[in-house]
$ cat entry23.cif   # mmCIF, C-alpha atoms and all ligand atoms
data_data
#
loop_
_atom_site.label_atom_id
_atom_site.label_comp_id
_atom_site.auth_asym_id
_atom_site.auth_seq_id
_atom_site.Cartn_x
_atom_site.Cartn_y
_atom_site.Cartn_z
CA MET A 1102 -0.86 -25.32 -24.45
CA THR A 1103 0.36 -22.18 -26.30
CA ILE A 1104 0.93 -18.82 -24.60
CA PHE A 1105 -2.14 -17.49 -26.41
CA GLU A 1106 -4.30 -20.39 -25.20
CA ALA A 1107 -2.92 -20.02 -21.67
CA TYR A 1108 -3.79 -16.30 -21.66
CA ASN A 1109 -7.38 -16.93 -22.81
CA ASN A 1110 -7.81 -19.81 -20.39
CA THR A 1111 -6.45 -17.70 -17.51
CA LYS A 1112 -8.75 -14.79 -18.33
CA ARG A 1113 -11.79 -17.07 -18.43
CA ARG A 1114 -10.98 -18.86 -15.15
CA LEU A 1115 -10.35 -15.54 -13.37
CA LYS A 1116 -13.62 -14.15 -14.73
CA ASP A 1117 -15.51 -17.27 -13.59
CA ALA A 1118 -14.00 -16.76 -10.12
CA GLY A 1119 -15.59 -13.28 -10.02
CA ILE A 1120 -12.36 -11.31 -10.56
CA GLU A 1121 -13.19 -8.03 -12.30
CA ASP A 1122 -9.65 -7.16 -13.37
CA ASN A 1123 -9.29 -10.50 -15.18
CA VAL A 1124 -7.67 -9.03 -18.33
CA PHE A 1125 -5.08 -7.06 -16.36
CA GLU A 1126 -4.34 -10.00 -14.06
CA ALA A 1127 -4.15 -12.56 -16.89
CA LYS A 1128 -1.46 -10.45 -18.59
CA ILE A 1129 0.54 -10.18 -15.35
CA ILE A 1130 0.28 -13.92 -14.69
CA ILE A 1131 1.39 -14.89 -18.21
CA LYS A 1132 4.31 -12.46 -18.00
CA HIS A 1133 5.24 -13.96 -14.62
CA ILE A 1134 5.22 -17.61 -15.71
CA THR A 1135 7.00 -17.01 -19.06
CA GLY A 1136 9.41 -14.32 -17.87
CA PHE A 1137 8.52 -12.39 -21.06
CA ASN A 1138 7.72 -8.69 -21.37
CA ASN A 1139 4.70 -7.41 -23.38
CA ASN A 1140 6.59 -7.34 -26.70
CA GLN A 1141 8.08 -10.79 -26.23
CA ILE A 1142 4.62 -12.18 -25.50
CA LEU A 1143 3.26 -10.70 -28.74
CA GLU A 1144 6.22 -12.09 -30.72
CA ASN A 1145 5.98 -15.57 -29.14
CA TYR A 1146 2.28 -16.08 -28.49
CA GLY A 1147 2.27 -19.32 -30.51
CA ASN A 1148 5.03 -20.90 -28.35
CA GLU A 1149 4.12 -23.91 -26.25
CA LEU A 1150 4.44 -23.54 -22.47
CA ASN A 1151 6.85 -26.07 -20.97
CA GLU A 1152 5.76 -28.48 -18.22
CA PHE A 1153 7.11 -26.32 -15.41
CA GLN A 1154 5.32 -23.23 -16.73
CA GLU A 1155 2.03 -25.15 -17.06
CA ASN A 1156 2.34 -26.48 -13.49
CA ASN A 1157 3.14 -23.00 -12.25
CA LEU A 1158 0.07 -21.59 -14.02
CA THR A 1159 -2.17 -24.29 -12.55
CA ALA A 1160 -0.89 -23.53 -9.03
CA ILE A 1161 -1.43 -19.79 -9.47
CA LEU A 1162 -4.95 -20.23 -10.81
CA ARG A 1163 -5.95 -22.58 -7.98
CA GLN A 1164 -4.88 -19.91 -5.49
CA ARG A 1165 -6.60 -17.08 -7.36
CA GLU A 1166 -9.80 -19.13 -7.63
CA ILE A 1167 -10.08 -19.06 -3.83
CA ARG A 1168 -9.28 -15.31 -4.14
CA TYR A 1169 -5.84 -15.54 -2.50
CA PRO A 1170 -4.33 -12.16 -3.47
CA LEU A 1171 -2.26 -12.07 -6.66
CA GLN A 1172 0.24 -9.78 -4.92
CA TYR A 1173 0.95 -12.45 -2.26
CA ILE A 1174 1.30 -15.13 -4.95
CA LEU A 1175 3.82 -13.08 -6.93
CA GLY A 1176 5.58 -11.86 -3.76
CA GLU A 1177 6.27 -8.43 -5.24
CA TRP A 1178 4.14 -5.49 -6.36
CA ASP A 1179 4.67 -2.11 -8.04
CA PHE A 1180 3.69 0.93 -5.98
CA TYR A 1181 4.19 4.55 -7.07
CA LYS A 1182 7.60 4.41 -8.83
CA TYR A 1183 9.08 1.47 -6.94
CA LYS A 1184 8.81 -2.30 -6.29
CA PHE A 1185 7.92 -3.77 -2.91
CA LYS A 1186 8.12 -7.30 -1.51
CA VAL A 1187 4.78 -8.40 -0.05
CA GLY A 1188 3.41 -11.55 1.54
CA VAL A 1189 1.28 -12.92 4.35
CA GLY A 1190 1.38 -10.60 7.37
CA VAL A 1191 1.74 -7.31 5.53
CA LEU A 1192 -0.81 -5.02 3.88
CA ILE A 1193 -0.62 -4.95 0.09
CA PRO A 1194 0.29 -1.42 -1.09
CA ARG A 1195 -2.78 0.13 -2.81
CA SER A 1196 -2.82 2.52 -5.74
CA ASP A 1197 -5.07 4.83 -3.61
CA THR A 1198 -2.11 5.34 -1.30
CA GLU A 1199 -0.07 6.77 -4.20
CA VAL A 1200 -2.25 9.90 -3.88
CA LEU A 1201 -1.00 10.28 -0.29
CA VAL A 1202 2.63 9.93 -1.41
CA GLU A 1203 2.07 12.49 -4.19
CA GLU A 1204 0.60 15.02 -1.71
CA CYS A 1205 3.60 14.50 0.57
CA ALA A 1206 6.00 14.89 -2.36
CA LYS A 1207 4.35 18.22 -3.33
CA PHE A 1208 4.75 19.48 0.24
CA LEU A 1209 8.40 18.39 0.45
CA GLN A 1210 9.45 20.04 -2.79
CA ASP A 1211 11.98 22.83 -2.09
CA LYS A 1212 12.37 21.77 1.57
CA PRO A 1213 16.07 21.18 2.23
CA SER A 1214 16.92 17.92 4.09
CA PRO A 1215 13.40 17.25 5.39
CA LYS A 1216 12.76 14.97 8.35
CA ILE A 1217 9.91 12.57 7.73
CA LEU A 1218 8.02 10.22 10.05
CA ASP A 1219 5.89 7.43 8.54
CA LEU A 1220 3.61 5.87 11.17
CA CYS A 1221 2.09 2.39 10.69
CA SER A 1222 4.55 1.67 7.89
CA GLY A 1223 3.50 -1.88 6.83
CA SER A 1224 5.63 -2.81 3.79
CA GLY A 1225 7.35 0.59 4.07
CA CYS A 1226 5.84 1.67 0.73
CA ILE A 1227 5.17 5.28 1.83
CA GLY A 1228 8.36 5.95 3.78
CA ILE A 1229 10.63 4.23 1.25
CA SER A 1230 9.02 5.98 -1.74
CA LEU A 1231 9.60 9.38 -0.08
CA ALA A 1232 13.14 8.41 0.94
CA LYS A 1233 13.90 7.52 -2.70
CA ASP A 1234 12.28 10.65 -4.15
CA PHE A 1235 14.06 12.86 -1.59
CA PRO A 1236 17.54 11.38 -1.11
CA ASP A 1237 18.59 14.22 1.20
CA SER A 1238 15.68 13.48 3.56
CA ALA A 1239 15.85 11.40 6.74
CA VAL A 1240 12.89 9.01 7.03
CA VAL A 1241 11.85 7.22 10.21
CA MET A 1242 9.29 4.41 9.93
CA VAL A 1243 7.32 3.11 12.92
CA GLU A 1244 5.56 -0.25 12.82
CA LYS A 1245 4.22 -2.44 15.63
CA TYR A 1246 4.20 -5.95 14.16
CA ALA A 1247 7.22 -8.20 13.51
CA GLU A 1248 5.77 -9.69 10.28
CA ALA A 1249 5.53 -6.24 8.70
CA LEU A 1250 8.91 -5.13 10.11
CA ARG A 1251 10.57 -8.00 8.22
CA TYR A 1252 9.10 -6.70 4.95
CA ILE A 1253 10.22 -3.12 5.65
CA ASP A 1254 13.81 -4.35 6.05
CA GLN A 1255 13.63 -6.34 2.80
CA ASN A 1256 12.13 -3.37 0.95
CA ILE A 1257 14.77 -0.96 2.21
CA LYS A 1258 17.42 -3.31 0.79
CA LEU A 1259 15.50 -3.92 -2.46
CA ASN A 1260 15.22 -0.18 -3.11
CA GLY A 1261 18.57 0.86 -1.65
CA ALA A 1262 16.85 3.40 0.61
CA GLU A 1263 19.75 4.14 2.93
CA ASN A 1264 18.31 7.37 4.37
CA THR A 1265 15.79 5.39 6.46
CA LEU A 1266 15.50 4.16 10.03
CA VAL A 1267 12.98 1.58 11.23
CA LEU A 1268 11.56 1.60 14.75
CA GLU A 1269 9.39 -1.06 16.33
CA GLY A 1270 6.70 0.86 18.17
CA ASP A 1271 3.05 1.37 19.04
CA ILE A 1272 1.54 4.69 17.95
CA PHE A 1273 -0.87 4.60 20.92
CA GLU A 1274 2.15 5.00 23.17
CA GLY A 1275 3.42 8.09 21.30
CA THR A 1276 6.98 9.08 20.53
CA ALA A 1277 9.86 7.69 22.54
CA ASN A 1278 12.19 10.62 21.83
CA SER A 1279 12.10 14.39 21.33
CA GLU A 1280 12.88 14.34 17.59
CA LYS A 1281 10.96 16.88 15.44
CA TYR A 1282 9.74 16.26 11.90
CA ASP A 1283 8.72 18.39 8.90
CA LEU A 1284 6.23 15.79 7.73
CA ILE A 1285 4.31 13.10 9.59
CA VAL A 1286 2.45 10.73 7.29
CA SER A 1287 0.27 7.75 8.04
CA ASN A 1288 -2.00 5.27 6.33
CA PRO A 1289 -3.24 3.64 9.54
CA PRO A 1290 -5.78 0.83 9.97
CA TYR A 1291 -9.16 2.51 9.41
CA ILE A 1292 -11.88 -0.03 8.69
CA PRO A 1293 -14.68 -0.29 11.28
CA PRO A 1294 -15.39 -3.97 12.14
CA CYS A 1295 -18.96 -3.70 10.77
CA GLU A 1296 -17.54 -3.02 7.28
CA MET A 1297 -15.28 -6.11 7.16
CA GLU A 1298 -18.17 -8.13 5.73
CA ILE A 1299 -18.36 -5.96 2.61
CA THR A 1300 -14.64 -5.96 1.81
CA SER A 1301 -13.45 -8.05 -1.17
CA PRO A 1302 -12.55 -11.73 -0.56
CA GLU A 1303 -8.84 -10.90 -1.07
CA VAL A 1304 -8.85 -8.48 1.89
CA LYS A 1305 -9.79 -11.35 4.21
CA PHE A 1306 -6.29 -12.80 3.62
CA GLU A 1307 -4.65 -9.59 4.89
CA PRO A 1308 -3.90 -9.13 8.61
CA GLU A 1309 -6.79 -7.64 10.62
CA THR A 1310 -4.18 -5.72 12.64
CA ALA A 1311 -3.50 -3.73 9.44
CA LEU A 1312 -7.17 -3.11 8.71
CA LEU A 1313 -9.29 -2.53 11.81
CA GLY A 1314 -9.32 1.01 13.19
CA GLY A 1315 -11.53 0.57 16.27
CA GLU A 1316 -15.32 0.75 16.64
CA ASP A 1317 -15.80 3.77 14.30
CA GLY A 1318 -12.56 3.26 12.34
CA LEU A 1319 -11.08 6.51 13.68
CA ASP A 1320 -9.02 5.41 16.72
CA PHE A 1321 -5.65 5.82 14.98
CA TYR A 1322 -6.45 9.35 13.71
CA ARG A 1323 -7.36 10.47 17.25
CA ALA A 1324 -4.23 8.91 18.77
CA ILE A 1325 -1.78 10.18 16.13
CA THR A 1326 -3.23 13.72 16.17
CA LYS A 1327 -2.93 13.84 19.95
CA ASN A 1328 0.32 11.92 20.49
CA TYR A 1329 2.41 13.27 17.62
CA LYS A 1330 1.52 16.96 17.37
CA ASN A 1331 4.54 17.84 19.49
CA ALA A 1332 6.76 15.83 17.17
CA LEU A 1333 5.92 18.16 14.26
CA ASN A 1334 7.82 21.37 13.54
CA SER A 1335 5.81 24.58 13.18
CA GLY A 1336 4.72 24.78 9.55
CA GLY A 1337 5.04 21.00 9.31
CA MET A 1338 2.39 18.81 7.69
CA LEU A 1339 0.39 15.89 9.06
CA ALA A 1340 -0.96 13.77 6.20
CA PHE A 1341 -3.43 10.89 6.53
CA GLU A 1342 -4.97 8.39 4.18
CA VAL A 1343 -8.62 7.92 5.19
CA GLY A 1344 -11.34 5.35 4.51
CA ILE A 1345 -14.54 5.95 2.55
CA ASN A 1346 -16.72 8.64 4.22
CA GLU A 1347 -14.11 9.31 6.93
CA ALA A 1348 -12.59 12.55 5.57
CA GLU A 1349 -14.96 14.97 7.32
CA TYR A 1350 -14.61 13.16 10.67
CA VAL A 1351 -10.81 13.24 10.37
CA LYS A 1352 -10.99 16.91 9.45
CA SER A 1353 -12.91 17.53 12.73
CA ILE A 1354 -10.32 15.57 14.72
CA LEU A 1355 -7.58 17.74 13.20
CA THR A 1356 -9.50 20.98 13.76
CA ASP A 1357 -10.13 20.02 17.41
CA GLY A 1358 -6.43 19.16 17.68
CA GLY A 1359 -5.52 22.74 16.74
CA PHE A 1360 -4.32 22.10 13.18
CA ASP A 1361 -4.78 24.61 10.36
CA ASN A 1362 -5.05 24.68 6.53
CA ILE A 1363 -6.88 21.37 6.44
CA GLU A 1364 -7.32 19.99 2.94
CA ILE A 1365 -9.13 16.97 1.56
CA VAL A 1366 -7.83 15.33 -1.63
CA LYS A 1367 -9.72 12.82 -3.80
CA ASP A 1368 -8.24 9.62 -5.25
CA PHE A 1369 -8.41 8.36 -8.88
CA ASN A 1370 -11.97 7.14 -8.22
CA GLU A 1371 -13.14 10.57 -6.96
CA ILE A 1372 -13.25 9.26 -3.35
CA GLU A 1373 -12.06 11.61 -0.58
CA ARG A 1374 -8.89 9.72 0.32
CA VAL A 1375 -6.28 12.05 1.84
CA VAL A 1376 -6.55 14.66 4.58
CA THR A 1377 -3.63 17.00 5.18
CA ALA A 1378 -3.17 19.65 7.87
CA ILE A 1379 -0.52 22.15 8.88
CA LYS A 1380 0.76 22.75 12.40
CA VAL A 1381 0.73 26.49 13.04
C1 LIG B 1401 -3.32 0.07 6.70
S1 LIG B 1401 -1.74 -0.64 7.03
C2 LIG B 1401 -0.73 0.49 6.10
C3 LIG B 1401 0.59 -0.04 5.71
C4 LIG B 1401 1.38 0.89 4.79
N1 LIG B 1401 1.61 2.17 5.41
C5 LIG B 1401 0.66 1.09 3.47
O1 LIG B 1401 0.22 2.20 3.20
O2 LIG B 1401 0.54 0.13 2.71
C6 LIG B 1401 -1.49 -0.19 8.71
C7 LIG B 1401 -0.21 -0.70 9.37
O3 LIG B 1401 -0.21 -0.27 10.75
C8 LIG B 1401 0.36 -1.29 11.55
N2 LIG B 1401 -0.13 -1.10 12.93
C9 LIG B 1401 -1.28 -1.56 13.48
N3 LIG B 1401 -1.41 -1.12 14.74
C10 LIG B 1401 -0.31 -0.37 15.01
C11 LIG B 1401 0.12 0.37 16.14
N4 LIG B 1401 -0.61 0.41 17.26
N5 LIG B 1401 1.29 1.04 16.08
C12 LIG B 1401 2.05 1.00 14.93
N6 LIG B 1401 1.69 0.31 13.82
C13 LIG B 1401 0.52 -0.35 13.85
C14 LIG B 1401 -0.11 -2.57 10.89
O4 LIG B 1401 0.68 -3.65 11.25
C15 LIG B 1401 -0.02 -2.20 9.41
O5 LIG B 1401 1.24 -2.54 8.91
#
$ encode --input "entry23.cif" --output "structure tokens"
Amino acid sequence: MTIFEAYNNTKRRLKDAGIEDNVFEAKIIIKHITGFNNNQILENYGNELNEFQENNLTAILRQREIRYPLQYILGEWDFYKYKFKVGVGVLIPRSDTEVLVEECAKFLQDKPSPKILDLCSGSGCIGISLAKDFPDSAVVMVEKYAEALRYIDQNIKLNGAENTLVLEGDIFEGTANSEKYDLIVSNPPYIPPCEMEITSPEVKFEPETALLGGEDGLDFYRAITKNYKNALNSGGMLAFEVGINEAEYVKSILTDGGFDNIEIVKDFNEIERVVTAIKV
């Protein structure tokens, strides 16, 4: 089978499996199995795949056909400006979350040596991206589960993010020390259990501990607002990613918690995705 035939075959099988982004994914898969970049693929599209590459493609397609996430199959995914290792037990970094990182980056501009706390860190994609963009910052990441903690460590090494510290902890128990931060950021679990049914088949392979945010999806916002306000410097920012239709509820939680200058920011799909607030 030639590279061109493999690409067309991959696209068709992904489409038949109900995968909308079949063109995008087919390109990524062909690049992965050949090791070629876009130009090399165009120059060599008539080349025959070798036996190993064909076997690899078959294995990948069998997994995608049961909607096992492509990111877990490849073991690595691009987020914001950096690469992150991902696999079973850790949430796959989403492009929506890049909006949260961008809002944090805007706030941190011109702040000398900022102290940053990333709660519910998962792969570490938020904390590590900010640590890389702001090398004079000090970033602390808090995560409860061992599976995710292993990925944070790998991703710190992969990205050479030396200005980071990882803590195993539960945000419902609050801070263990009296450290103060200029920015507290979190993309916590926020899906209400009743909405799990309507999530994509891929999401069902991700850990529920990274997805479910209590009966109304808002438990983590209430706990973080209450437990971490004292950990924020005056003038510091609390920044949350929120689920669909949650922004106004989170805004109320922040208003009730005594925060000011509350702003809601939309993602690339015009969905209210980020809520930021300032501690007066
Ligand atoms: C929605 S994921 C976000 C991961 C990452 N921040 C991102 O944006 O991709 C939420 C993360 O919170 C972690 N988590 C769940 N409950 C927690 C708790 N009580 N305390 C700290 N982390 C928790 C999960 O293991 C998961 O890694």
$ residues_near_ligand --input "entry23.cif" --ligand "ligand LIG 1401 (chain B)" --cutoff "6 Å" --atoms "all atoms listed in the file" --output "PyMOL selection string"
chain A and resi 1191-1194+1198+1221-1224+1226-1227+1244-1246+1249+1270-1273+1288-1290+1310-1312
$ closest_residue --input "entry23.cif" --among "A:Val1267, A:Val1304, A:Val1189, A:Met1102" --to "Arg1168 in chain A" --atoms "all atoms listed in the file"
A:Val1304
$ atom_distance --input "entry23.cif" --atom1 "CA of Phe1341 in chain A" --atom2 "CA of Phe1235 in chain A"
19.4 Å
$ residues_around --input "entry23.cif" --residues "Ile1134 in chain A" --least-positions-apart "4" --cutoff "8 Å" --atoms "all atoms listed in the file" --output "VMD selection string"
chain A and resid 1130 1154 1157 to 1158
$ write_last_selection --input "entry23.cif" --atoms "C-alpha atoms" --output "PDB file, in the frame of the given file"
ATOM      1  CA  ILE A1130       0.280 -13.920 -14.690  1.00  0.00           C
ATOM      2  CA  GLN A1154       5.320 -23.230 -16.730  1.00  0.00           C
ATOM      3  CA  ASN A1157       3.140 -23.000 -12.250  1.00  0.00           C
ATOM      4  CA  LEU A1158       0.070 -21.590 -14.020  1.00  0.00           C
TER       5      LEU A1158
END
$ closest_atom_pairs --input "entry23.cif" --of "range 1276-1306 of chain A" --to "range 1115-1129 of chain A" --cutoff "12 Å" --atoms "only C-alpha atoms" --output "Markdown table"
| residue | atom | partner | partner_atom | distance |
| --- | --- | --- | --- | --- |
| A:Ser1301 | CA | A:Ile1120 | CA | 10.0 |
| A:Pro1302 | CA | A:Ile1120 | CA | 10.0 |
| A:Glu1303 | CA | A:Ile1120 | CA | 10.1 |
$ atom_distance --input "entry23.cif" --atom1 "CA of Asp1317 in chain A" --atom2 "CA of Gly1344 in chain A"
10.9 Å
$ closest_residue --input "entry23.cif" --among "A:Thr1135, A:Asn1328, A:Asn1260, A:Gln1164" --to "Asp1179 in chain A" --atoms "all atoms listed in the file"
A:Asn1260
$ closest_atom_pairs --input "entry23.cif" --of "range 1301-1349 of chain A" --to "range 1358-1363 of chain A" --cutoff "12 Å" --atoms "only C-alpha atoms" --output "JSON lines"
{"residue": "A:Tyr1322", "atom": "CA", "partner": "A:Gly1358", "partner_atom": "CA", "distance": 10.6}
{"residue": "A:Arg1323", "atom": "CA", "partner": "A:Gly1358", "partner_atom": "CA", "distance": 8.8}
{"residue": "A:Ala1324", "atom": "CA", "partner": "A:Gly1358", "partner_atom": "CA", "distance": 10.5}
{"residue": "A:Ile1325", "atom": "CA", "partner": "A:Gly1358", "partner_atom": "CA", "distance": 10.2}
{"residue": "A:Thr1326", "atom": "CA", "partner": "A:Gly1358", "partner_atom": "CA", "distance": 6.5}
{"residue": "A:Lys1327", "atom": "CA", "partner": "A:Gly1358", "partner_atom": "CA", "distance": 6.8}
{"residue": "A:Asn1328", "atom": "CA", "partner": "A:Gly1358", "partner_atom": "CA", "distance": 10.3}
{"residue": "A:Tyr1329", "atom": "CA", "partner": "A:Gly1358", "partner_atom": "CA", "distance": 10.6}
{"residue": "A:Lys1330", "atom": "CA", "partner": "A:Gly1358", "partner_atom": "CA", "distance": 8.3}
{"residue": "A:Asn1331", "atom": "CA", "partner": "A:Gly1358", "partner_atom": "CA", "distance": 11.2}
{"residue": "A:Leu1333", "atom": "CA", "partner": "A:Phe1360", "partner_atom": "CA", "distance": 11.0}
{"residue": "A:Ser1335", "atom": "CA", "partner": "A:Phe1360", "partner_atom": "CA", "distance": 10.4}
{"residue": "A:Gly1336", "atom": "CA", "partner": "A:Asp1361", "partner_atom": "CA", "distance": 9.5}
{"residue": "A:Gly1337", "atom": "CA", "partner": "A:Phe1360", "partner_atom": "CA", "distance": 10.2}
{"residue": "A:Met1338", "atom": "CA", "partner": "A:Phe1360", "partner_atom": "CA", "distance": 9.3}
{"residue": "A:Leu1339", "atom": "CA", "partner": "A:Phe1360", "partner_atom": "CA", "distance": 8.8}
{"residue": "A:Ala1340", "atom": "CA", "partner": "A:Ile1363", "partner_atom": "CA", "distance": 9.6}
{"residue": "A:Phe1341", "atom": "CA", "partner": "A:Ile1363", "partner_atom": "CA", "distance": 11.0}
{"residue": "A:Ala1348", "atom": "CA", "partner": "A:Ile1363", "partner_atom": "CA", "distance": 10.5}
{"residue": "A:Glu1349", "atom": "CA", "partner": "A:Ile1363", "partner_atom": "CA", "distance": 10.3}
$ write_last_selection --input "entry23.cif" --atoms "C-alpha atoms" --output "mmCIF file, keeping the file's coordinate frame"
data_model
loop_
_atom_site.group_PDB
_atom_site.id
_atom_site.type_symbol
_atom_site.label_atom_id
_atom_site.label_comp_id
_atom_site.auth_asym_id
_atom_site.auth_seq_id
_atom_site.Cartn_x
_atom_site.Cartn_y
_atom_site.Cartn_z
ATOM 1 C CA TYR A 1322 -6.450 9.350 13.710
ATOM 2 C CA ARG A 1323 -7.360 10.470 17.250
ATOM 3 C CA ALA A 1324 -4.230 8.910 18.770
ATOM 4 C CA ILE A 1325 -1.780 10.180 16.130
ATOM 5 C CA THR A 1326 -3.230 13.720 16.170
ATOM 6 C CA LYS A 1327 -2.930 13.840 19.950
ATOM 7 C CA ASN A 1328 0.320 11.920 20.490
ATOM 8 C CA TYR A 1329 2.410 13.270 17.620
ATOM 9 C CA LYS A 1330 1.520 16.960 17.370
ATOM 10 C CA ASN A 1331 4.540 17.840 19.490
ATOM 11 C CA LEU A 1333 5.920 18.160 14.260
ATOM 12 C CA SER A 1335 5.810 24.580 13.180
ATOM 13 C CA GLY A 1336 4.720 24.780 9.550
ATOM 14 C CA GLY A 1337 5.040 21.000 9.310
ATOM 15 C CA MET A 1338 2.390 18.810 7.690
ATOM 16 C CA LEU A 1339 0.390 15.890 9.060
ATOM 17 C CA ALA A 1340 -0.960 13.770 6.200
ATOM 18 C CA PHE A 1341 -3.430 10.890 6.530
ATOM 19 C CA ALA A 1348 -12.590 12.550 5.570
ATOM 20 C CA GLU A 1349 -14.960 14.970 7.320
#
$ atom_distance --input "entry23.cif" --atom1 "CA of Asn1334 in chain A" --atom2 "CA of Pro1215 in chain A"
10.7 Å
$ closest_residue --input "entry23.cif" --among "A:Ser1287, A:Asn1278, A:Asn1264, A:Gln1172" --to "Val1202 in chain A" --atoms "all atoms listed in the file"
A:Ser1287
$ residues_around --input "entry23.cif" --residues "Ile1174 in chain A" --least-positions-apart "2" --cutoff "8 Å" --atoms "all atoms listed in the file" --output "list of chain:residue names"
A:Ile1161, A:Gln1164, A:Tyr1169, A:Pro1170, A:Leu1171, A:Gln1172, A:Gly1176, A:Gly1188
$ residues_near_point --input "entry23.cif" --point "(12.8, 5.8, 9.7)" --cutoff "9 Å" --atoms "all atoms listed in the file" --output "list in words"
Ile1217, Leu1218, Asp1219, Gly1228, Ile1229, Ala1239, Val1240, Val1241, Met1242, Val1243, Asn1264, Thr1265, Leu1266, Val1267 and Leu1268 of chain A
$ write_last_selection --input "entry23.cif" --atoms "C-alpha atoms" --output "PDB file, in the coordinates of the input"
ATOM      1  CA  ILE A1217       9.910  12.570   7.730  1.00  0.00           C
ATOM      2  CA  LEU A1218       8.020  10.220  10.050  1.00  0.00           C
ATOM      3  CA  ASP A1219       5.890   7.430   8.540  1.00  0.00           C
ATOM      4  CA  GLY A1228       8.360   5.950   3.780  1.00  0.00           C
ATOM      5  CA  ILE A1229      10.630   4.230   1.250  1.00  0.00           C
ATOM      6  CA  ALA A1239      15.850  11.400   6.740  1.00  0.00           C
ATOM      7  CA  VAL A1240      12.890   9.010   7.030  1.00  0.00           C
ATOM      8  CA  VAL A1241      11.850   7.220  10.210  1.00  0.00           C
ATOM      9  CA  MET A1242       9.290   4.410   9.930  1.00  0.00           C
ATOM     10  CA  VAL A1243       7.320   3.110  12.920  1.00  0.00           C
ATOM     11  CA  ASN A1264      18.310   7.370   4.370  1.00  0.00           C
ATOM     12  CA  THR A1265      15.790   5.390   6.460  1.00  0.00           C
ATOM     13  CA  LEU A1266      15.500   4.160  10.030  1.00  0.00           C
ATOM     14  CA  VAL A1267      12.980   1.580  11.230  1.00  0.00           C
ATOM     15  CA  LEU A1268      11.560   1.600  14.750  1.00  0.00           C
TER      16      LEU A1268
END
$ closest_residue --input "entry23.cif" --among "A:Asp1283, A:Asp1357, A:Glu1149, A:Glu1342" --to "Asp1197 in chain A" --atoms "only C-alpha atoms"
A:Glu1342
$ closest_residue --input "entry23.cif" --among "A:Lys1305, A:Ala1206, A:Met1297, A:Lys1212" --to "Ile1167 in chain A" --atoms "all atoms listed in the file"
A:Lys1305
$ build_atoms --input "entry23.cif" --residues "range 1268-1272 of chain A" --atoms "all heavy atoms" --output "mmCIF file, in the coordinates of the input"
data_model
loop_
_atom_site.group_PDB
_atom_site.id
_atom_site.type_symbol
_atom_site.label_atom_id
_atom_site.label_comp_id
_atom_site.auth_asym_id
_atom_site.auth_seq_id
_atom_site.Cartn_x
_atom_site.Cartn_y
_atom_site.Cartn_z
ATOM 1 N N LEU A 1268 11.754 1.774 13.316
ATOM 2 C CA LEU A 1268 11.560 1.600 14.750
ATOM 3 C C LEU A 1268 10.361 0.699 14.985
ATOM 4 O O LEU A 1268 9.304 0.878 14.354
ATOM 5 C CB LEU A 1268 11.297 2.953 15.430
ATOM 6 C CG LEU A 1268 12.398 4.017 15.347
ATOM 7 C CD1 LEU A 1268 11.942 5.302 16.038
ATOM 8 C CD2 LEU A 1268 13.696 3.514 15.982
ATOM 9 N N GLU A 1269 10.533 -0.264 15.903
ATOM 10 C CA GLU A 1269 9.390 -1.060 16.330
ATOM 11 C C GLU A 1269 8.670 -0.240 17.379
ATOM 12 O O GLU A 1269 9.297 0.220 18.344
ATOM 13 C CB GLU A 1269 9.912 -2.379 16.930
ATOM 14 C CG GLU A 1269 8.820 -3.292 17.351
ATOM 15 C CD GLU A 1269 9.358 -4.625 17.847
ATOM 16 O OE1 GLU A 1269 10.580 -4.868 17.774
ATOM 17 O OE2 GLU A 1269 8.527 -5.404 18.327
ATOM 18 N N GLY A 1270 7.383 0.019 17.191
ATOM 19 C CA GLY A 1270 6.700 0.860 18.170
ATOM 20 C C GLY A 1270 5.199 0.843 17.990
ATOM 21 O O GLY A 1270 4.679 0.392 16.968
ATOM 22 N N ASP A 1271 4.514 1.349 19.017
ATOM 23 C CA ASP A 1271 3.050 1.370 19.040
ATOM 24 C C ASP A 1271 2.620 2.842 19.054
ATOM 25 O O ASP A 1271 2.972 3.578 19.975
ATOM 26 C CB ASP A 1271 2.575 0.657 20.313
ATOM 27 C CG ASP A 1271 1.070 0.561 20.376
ATOM 28 O OD1 ASP A 1271 0.377 1.393 19.740
ATOM 29 O OD2 ASP A 1271 0.576 -0.337 21.075
ATOM 30 N N ILE A 1272 1.879 3.263 18.048
ATOM 31 C CA ILE A 1272 1.540 4.690 17.950
ATOM 32 C C ILE A 1272 0.641 5.156 19.104
ATOM 33 O O ILE A 1272 0.574 6.346 19.391
ATOM 34 C CB ILE A 1272 0.887 5.055 16.587
ATOM 35 C CG1 ILE A 1272 -0.452 4.366 16.391
ATOM 36 C CG2 ILE A 1272 1.835 4.753 15.433
ATOM 37 C CD1 ILE A 1272 -1.621 5.191 16.783
#
